[in-house]
Amino acid sequence: MEHYDWNEGWLFTPRFDPALVRPECELELEPVRIPHTVRVLPYNYCSENEYQCLCGYRREFFAPREWKGRTVLLTFGAIAHDATVFCNGRRLFHHGCGYTAFTVDLTGALHFGQKNVVAVRCDSREDLNIPPFGGQIDYLTYGGIYRAVSLDIKEPAYLRDVFIEAKAEGDFRIYTSTVGETVGCTLQAEIRSPSGSLAAYSGELSLPITGVLNGVHPWSIEHPTLYTLTVQLIRPGSAGLPDRVLDEKTVRFGFRTVQFVAGGLYLNGQRVELRGLNRHQSFAYQGYAMPDSIQRLDAQILKKDLGCNAVRTSHYPQSPAFLDACDELGLLVFTEMPGWRYIGDESWKAQALQNCREMVCQCRNHPSIFLWGARVNGSGDDEAFYKRTNEAIHRLDPTRPTAGARNHRKSQLLEDVYAYNDYSCRGRGAACEARAAVTPDTRKGYLISEFGGQQMPTKPFDDETHRLVQALRTAAVLNDSIAQQGVAGSFGWCMADYNTHREFGSGDRICYHGMLDMFRNPKLAAAVYASQKTPRSPSDIVLEVSSGMALGDLPGGAPTACWVFTNAESVRLYRGNDYIAEFSPDRHGRFAAMPHPPIEINDFVGSLLEKYEGMDPPSAQAAAAILNDMRRCAMELSPLSKARMLSLRLSWNEVARMYCKYIGILGSPSPVYRFEAVWHGRVVGTVVREPVQSVRLECTVHNPILTDGPTWDCAAVSLRAIDQNGNLLPYCGEAVQLRVDGPLKIIGPSVVPLRGGMAGTYLATTGEAGRAVLHCRMEGALDTDAVLTIRSRENG
């Protein structure tokens, strides 16, 4: 058994020519490394026409004579979207799905002891009769060999697949399938625990290997314990010869039990309240073509930064590296078949059914996956078709339930779970629909598969009020999905902004529906999710203040609502050095069902009137209530405030003077506000709001140690304009000039504008190891540098 990473040595042409498949080729070709996108796109105002093409890839290689009599298998992680593979001019394989892996047997076409040629005809046009194509799609689909490629040399008989069903109590069943002549062969299975202990089992090819492993640690969100299964295909020895291992496969898995009932999702017998986001696998400039480290980083952002416990892979199977990270982090995954609203003809349906089979077979050992999407997102009912998809999925994996995201109520329910795209939130009343009004069968599971998004597209550079509305509506749906009995949870639309077709988005072909921008920089609404994490140390505390406290940023200079998104126990507010008040979450208010409700700051006066106006406590409290009420109502007096004025015998001029002094109007001195997060009785976080005195450029490299091999690696870089207190400056739009010294190259432009005070870039390795420095320059701020280390695969 030999394994080779095959991501180097490829040549690319944006226009496929039949000459590409011939042993000798004189076409002008571009050397590329896999993963590869057929076209690097601009950040916005891009066009799908730029990547829709019939292109080609070619790789020459030497096949040693020692390979003769063995099986040579070439595996592509994903090719977008229709791929035909040739070897030495011979057509060997066709694959019609851009989101699943496939393997080509090269054996019969090889010239051993000679040079050989593999060529790929790649069709990324969107008029193909395969999912997700056929209708208008609200996301770009890109093109190219965008996941890793590998070559395996095996015996004529080998293991094609290994699947393990493993329950929380330790029961397991191991299923295998083989290729080739295996008469008389046996199976040997070893399960290794995280501590390194081994348990061995053996069995026959025709039967699953069953057993019970005692003392297992179940896989869960809090403790994602992973075990390793190694299965060997063994041919017994004869005439005194030892047994021979023909093939070996190793998979990671977890012992856990998934149950979805009317009351919600139960993992290992414990109910889990799903708090998730939808994810597209696309990135600025590169589309789908990013290496494993960037895929894994998204999972870390979802779990560690945003506090999610679940993700939906909208609307197709995603990278194995992303799923591996979800397994390791304890992030539940709802993955679904490729498609978006459209159902095609019988040929289209046959391909969709095949996509379902491939999705399940390739992903079913991942313990993070708890739900299969057996229905095209947002599509209408099709009883015959969806009976087939559900039957195929349940046959291949009886351990997990199925679902299908719908845009309409009372749809035919063939799945185990009714998943509903609920866009009913309008900022008033209930934020999600009543479960009984949506699902036709309340005895089955129910979840909200999408919400938000198109109801409140929010750009990082939108005004303060708009950004706050997105955050509060997000909080409202999270709250109401928790509060409503029988709703298993919800998935917000969506994790990050993404490029889309001209029929969608904001005119610049970006859907600004994300909690993050395309570079994964957080918007205000991201703090709604992040603040729901249960803190275990001061570093886990989130403290995000919605308002910049700048009156000139608001219509008429009138202050508006100020909210704090935090998982602290309380928040203290100071005006200058004067203590105003301490605020705690309202456990009986609008957001009472959330683990950590957002806190409204509704008192900006406190006891200042006692201290500086000489009022007695009851009078000061009543007068402060008038000023705070005026702040909420743009200086208008409510009937209650008028009554208080009369009782206190205050004139309008006196009230206006105090308002100007303690609340502020345009032209009055700008106070300094300090917000403190209190946790376990001590201050663990501080936000200071005051006029900007200096502008700094902050550069954060999320993965500064890179490894070049088995393919190129990539660093994700975030850029932010901040003030002297570390606050984001959302209206800073300066250009940042980027330059790299060392073995890295910038993906995309070398000059990037700040959008909403934020930007980013990606840095790709070039095949060499060493030290690299990213230099960032912005007018009006000091230059900033970031140091990165690039290791070769051999060295690390």
# chains A, B, ... in the order shown; residues from 1 in each chain; ligands from 1
call {"tool": "residues_around", "arguments": {"residues": "range 702-718 of chain A", "least_positions_apart": "4", "cutoff": "9 Å", "atoms": "only C-alpha atoms", "output": "MDAnalysis selection string"}}
result
chainID A and resid 5:8 33:35 148 290:294 297 519:521 698 744 758:769 786:796
call {"tool": "select_by_dssp", "arguments": {"residues": "range 631-738 of chain A", "states": "helix (DSSP H, G or I)", "output": "list in words"}}
result
Arg631, Arg632, Pro639, Leu640, Ser641, Lys642, Ala643, Arg644, Met645, Leu646, Ser647, Leu648, Trp652, Asn653, Glu654, Val655, Ala656, Arg657, Met658, Tyr659, Cys660, Lys661 and Tyr662 of chain A
call {"tool": "residues_around", "arguments": {"residues": "range 491-503 of chain A", "least_positions_apart": "4", "cutoff": "7 Å", "atoms": "only C-alpha atoms", "output": "ChimeraX atom specification"}}
result
/A:48,138-140,275-279,282,448-453,507,509-518,520
call {"tool": "write_last_selection", "arguments": {"atoms": "C-alpha atoms", "output": "compact mmCIF listing (two decimals), in the first residue's frame"}}
result
# COMPACT_ATOMS: atom_id res chain seq x y z
CA GLU A 48 -20.37 34.46 -12.59
CA ASP A 138 -28.36 32.65 -4.42
CA TYR A 139 -24.64 31.88 -4.29
CA LEU A 140 -21.78 31.52 -6.72
CA ARG A 275 -27.68 27.41 18.36
CA GLY A 276 -26.12 27.48 14.93
CA LEU A 277 -25.35 29.33 11.74
CA ASN A 278 -25.43 28.42 8.07
CA ARG A 279 -22.08 28.33 6.28
CA SER A 282 -16.61 30.35 -0.20
CA ILE A 448 -35.55 26.52 12.19
CA SER A 449 -33.04 25.94 9.40
CA GLU A 450 -32.70 29.62 8.39
CA PHE A 451 -33.65 33.03 9.76
CA GLY A 452 -32.52 36.64 9.44
CA GLY A 453 -30.45 37.22 6.32
CA GLY A 507 -26.30 45.16 -6.31
CA ARG A 509 -23.10 40.82 -5.96
CA ILE A 510 -22.51 40.39 -2.25
CA CYS A 511 -25.11 39.04 0.14
CA TYR A 512 -24.47 41.04 3.32
CA HIS A 513 -26.43 38.56 5.41
CA GLY A 514 -23.55 37.40 7.57
CA MET A 515 -22.67 37.81 11.19
CA LEU A 516 -19.17 38.28 9.73
CA ASP A 517 -17.89 39.91 6.56
CA MET A 518 -16.21 37.85 3.84
CA ARG A 520 -14.58 36.68 8.79
call {"tool": "closest_atom_pairs", "arguments": {"of": "range 345-415 of chain A", "to": "range 303-311 of chain A", "cutoff": "10 Å", "atoms": "only C-alpha atoms", "output": "Markdown table"}}
result
| residue | atom | partner | partner_atom | distance |
| --- | --- | --- | --- | --- |
| A:Ser368 | CA | A:Ala310 | CA | 8.8 |
| A:Ile369 | CA | A:Ala310 | CA | 9.4 |
| A:Phe370 | CA | A:Ala310 | CA | 9.5 |
call {"tool": "residues_around", "arguments": {"residues": "range 348-351 of chain A", "least_positions_apart": "2", "cutoff": "9 Å", "atoms": "only C-alpha atoms", "output": "mmCIF file with C-alpha atoms, in the first residue's frame"}}
result
data_model
loop_
_atom_site.group_PDB
_atom_site.id
_atom_site.type_symbol
_atom_site.label_atom_id
_atom_site.label_comp_id
_atom_site.auth_asym_id
_atom_site.auth_seq_id
_atom_site.Cartn_x
_atom_site.Cartn_y
_atom_site.Cartn_z
ATOM 1 C CA GLY A 96 -21.381 14.986 -12.181
ATOM 2 C CA CYS A 97 -21.224 16.581 -8.734
ATOM 3 C CA ASN A 129 -28.326 19.423 -15.991
ATOM 4 C CA ILE A 130 -27.007 18.516 -12.544
ATOM 5 C CA PRO A 131 -27.665 19.887 -9.049
ATOM 6 C CA ILE A 343 -35.896 20.099 -9.055
ATOM 7 C CA GLY A 344 -35.065 18.974 -12.586
ATOM 8 C CA ASP A 345 -35.930 16.125 -14.918
ATOM 9 C CA GLU A 346 -35.341 12.408 -14.360
ATOM 10 C CA LEU A 353 -29.888 10.638 -5.763
ATOM 11 C CA GLN A 354 -26.305 9.643 -6.511
ATOM 12 C CA ASN A 355 -25.148 12.812 -4.743
ATOM 13 C CA CYS A 356 -27.081 11.701 -1.654
ATOM 14 C CA PHE A 385 -38.330 11.749 -5.573
#
call {"tool": "closest_residue", "arguments": {"among": "A:Ser547, A:Ser584, A:Thr458, A:Thr13", "to": "Glu690 in chain A", "atoms": "only C-alpha atoms"}}
result
A:Ser547
call {"tool": "closest_residue", "arguments": {"among": "A:Val149, A:Ala321, A:Ala471, A:Ala620", "to": "Ser546 in chain A", "atoms": "only C-alpha atoms"}}
result
A:Ala471
call {"tool": "residues_around", "arguments": {"residues": "range 215-222 of chain A", "least_positions_apart": "5", "cutoff": "8 Å", "atoms": "only C-alpha atoms", "output": "tab-separated table (two decimals) with N, CA and C atoms, in the first residue's frame"}}
result
chain	number	residue	atom	x	y	z
A	168	ALA	N	-23.51	5.43	22.29
A	168	ALA	CA	-22.93	6.04	23.49
A	168	ALA	C	-22.58	5.01	24.56
A	169	GLU	N	-23.32	3.88	24.58
A	169	GLU	CA	-23.09	2.87	25.61
A	169	GLU	C	-21.89	1.98	25.31
A	170	GLY	N	-21.31	2.11	24.10
A	170	GLY	CA	-20.15	1.30	23.74
A	170	GLY	C	-20.42	0.22	22.71
A	254	GLY	N	-16.74	8.55	16.83
A	254	GLY	CA	-17.10	8.80	18.21
A	254	GLY	C	-18.25	7.91	18.62
A	255	PHE	N	-18.26	7.51	19.86
A	255	PHE	CA	-19.41	6.78	20.41
A	255	PHE	C	-20.46	7.81	20.82
A	256	ARG	N	-21.58	7.84	20.14
A	256	ARG	CA	-22.66	8.73	20.55
A	256	ARG	C	-23.96	8.27	19.93
A	267	LEU	N	-28.80	14.15	22.43
A	267	LEU	CA	-27.49	13.59	22.16
A	267	LEU	C	-27.05	12.83	23.40
A	268	ASN	N	-26.88	11.52	23.26
A	268	ASN	CA	-26.54	10.65	24.39
A	268	ASN	C	-27.56	10.78	25.52
A	309	ASN	N	-23.04	25.86	18.71
A	309	ASN	CA	-22.85	24.42	18.95
A	309	ASN	C	-23.25	23.61	17.73
A	329	LEU	N	-13.87	19.69	17.70
A	329	LEU	CA	-14.32	20.80	18.52
A	329	LEU	C	-15.64	20.54	19.22
A	330	GLY	N	-16.39	19.54	18.75
A	330	GLY	CA	-17.73	19.32	19.30
A	330	GLY	C	-18.76	20.24	18.68
A	331	LEU	N	-18.71	20.40	17.38
A	331	LEU	CA	-19.64	21.26	16.65
A	331	LEU	C	-20.54	20.38	15.80
A	332	LEU	N	-21.84	20.34	16.14
A	332	LEU	CA	-22.80	19.51	15.42
A	332	LEU	C	-23.00	20.02	14.00
A	367	PRO	N	-18.61	11.90	13.68
A	367	PRO	CA	-19.60	11.95	14.76
A	367	PRO	C	-20.31	13.30	14.86
call {"tool": "residues_around", "arguments": {"residues": "His95 in chain A", "least_positions_apart": "4", "cutoff": "8 Å", "atoms": "only C-alpha atoms", "output": "list in words"}}
result
Asp82, Ala83, Thr84 and Phe102 of chain A
call {"tool": "atom_distance", "arguments": {"atom1": "CA of Ala189 in chain A", "atom2": "CA of Asp105 in chain A"}}
result
26.1 Å
call {"tool": "residues_around", "arguments": {"residues": "Pro559 in chain A", "least_positions_apart": "4", "cutoff": "8 Å", "atoms": "only C-alpha atoms", "output": "ChimeraX atom specification"}}
result
/A:549,551,554,631-632,634
call {"tool": "closest_residue", "arguments": {"among": "A:Glu66, A:Asp629, A:Glu28, A:Glu582", "to": "Ala677 in chain A", "atoms": "only C-alpha atoms"}}
result
A:Glu582
call {"tool": "select_by_dssp", "arguments": {"residues": "range 542-608 of chain A", "states": "strand (DSSP E or B)", "output": "list in words"}}
result
Leu543, Glu544, Val545, Trp563, Val564, Phe565, Thr566, Ser570, Val571, Arg572, Leu573, Tyr574, Arg575, Asp578, Tyr579, Ile580, Ala581, Glu582, Phe583, Ile599 and Glu600 of chain A
call {"tool": "write_last_selection", "arguments": {"atoms": "N, CA and C atoms", "output": "short mmCIF file (atom, residue, chain, number, x, y, z; two decimals), in the first residue's frame"}}
result
data_model
loop_
_atom_site.label_atom_id
_atom_site.label_comp_id
_atom_site.auth_asym_id
_atom_site.auth_seq_id
_atom_site.Cartn_x
_atom_site.Cartn_y
_atom_site.Cartn_z
N LEU A 543 -17.82 41.48 25.75
CA LEU A 543 -18.36 42.79 26.12
C LEU A 543 -18.39 43.65 24.87
N GLU A 544 -19.56 43.76 24.27
CA GLU A 544 -19.72 44.53 23.04
C GLU A 544 -20.82 45.57 23.24
N VAL A 545 -20.48 46.83 23.08
CA VAL A 545 -21.41 47.93 23.27
C VAL A 545 -21.91 48.39 21.90
N TRP A 563 -27.29 49.13 23.76
CA TRP A 563 -27.36 47.77 24.28
C TRP A 563 -25.96 47.22 24.45
N VAL A 564 -25.83 46.34 25.41
CA VAL A 564 -24.57 45.64 25.63
C VAL A 564 -24.82 44.15 25.46
N PHE A 565 -24.00 43.53 24.62
CA PHE A 565 -24.07 42.09 24.42
C PHE A 565 -22.91 41.46 25.19
N THR A 566 -23.27 40.70 26.21
CA THR A 566 -22.25 40.20 27.12
C THR A 566 -22.71 38.91 27.78
N SER A 570 -22.93 41.20 35.09
CA SER A 570 -23.48 42.55 35.10
C SER A 570 -22.52 43.48 34.38
N VAL A 571 -23.00 44.70 34.13
CA VAL A 571 -22.21 45.72 33.46
C VAL A 571 -22.32 47.02 34.25
N ARG A 572 -21.18 47.62 34.57
CA ARG A 572 -21.16 48.90 35.27
C ARG A 572 -20.87 50.02 34.27
N LEU A 573 -21.55 51.13 34.45
CA LEU A 573 -21.37 52.29 33.58
C LEU A 573 -20.83 53.46 34.39
N TYR A 574 -19.79 54.11 33.83
CA TYR A 574 -19.21 55.31 34.42
C TYR A 574 -19.26 56.43 33.40
N ARG A 575 -19.52 57.62 33.87
CA ARG A 575 -19.42 58.85 33.06
C ARG A 575 -18.24 59.64 33.59
N ASP A 578 -17.34 59.28 37.34
CA ASP A 578 -18.54 59.14 38.13
C ASP A 578 -19.26 57.83 37.81
N TYR A 579 -19.53 57.08 38.86
CA TYR A 579 -20.30 55.84 38.71
C TYR A 579 -21.76 56.19 38.43
N ILE A 580 -22.34 55.54 37.38
CA ILE A 580 -23.74 55.79 37.04
C ILE A 580 -24.63 54.70 37.59
N ALA A 581 -24.42 53.47 37.15
CA ALA A 581 -25.30 52.38 37.57
C ALA A 581 -24.68 51.04 37.18
N GLU A 582 -25.22 49.99 37.77
CA GLU A 582 -24.84 48.62 37.39
C GLU A 582 -26.07 47.92 36.82
N PHE A 583 -25.90 47.30 35.65
CA PHE A 583 -27.02 46.72 34.92
C PHE A 583 -26.84 45.20 34.84
N ILE A 599 -28.26 43.34 27.38
CA ILE A 599 -28.60 44.27 28.45
C ILE A 599 -28.82 45.66 27.85
N GLU A 600 -29.98 46.24 28.11
CA GLU A 600 -30.24 47.61 27.65
C GLU A 600 -29.71 48.59 28.70
#
call {"tool": "atom_distance", "arguments": {"atom1": "CA of Arg312 in chain A", "atom2": "CA of His280 in chain A"}}
result
9.0 Å
call {"tool": "closest_residue", "arguments": {"among": "A:Gln188, A:Ser537, A:Thr210, A:Gln270", "to": "Leu233 in chain A", "atoms": "only C-alpha atoms"}}
result
A:Gln188
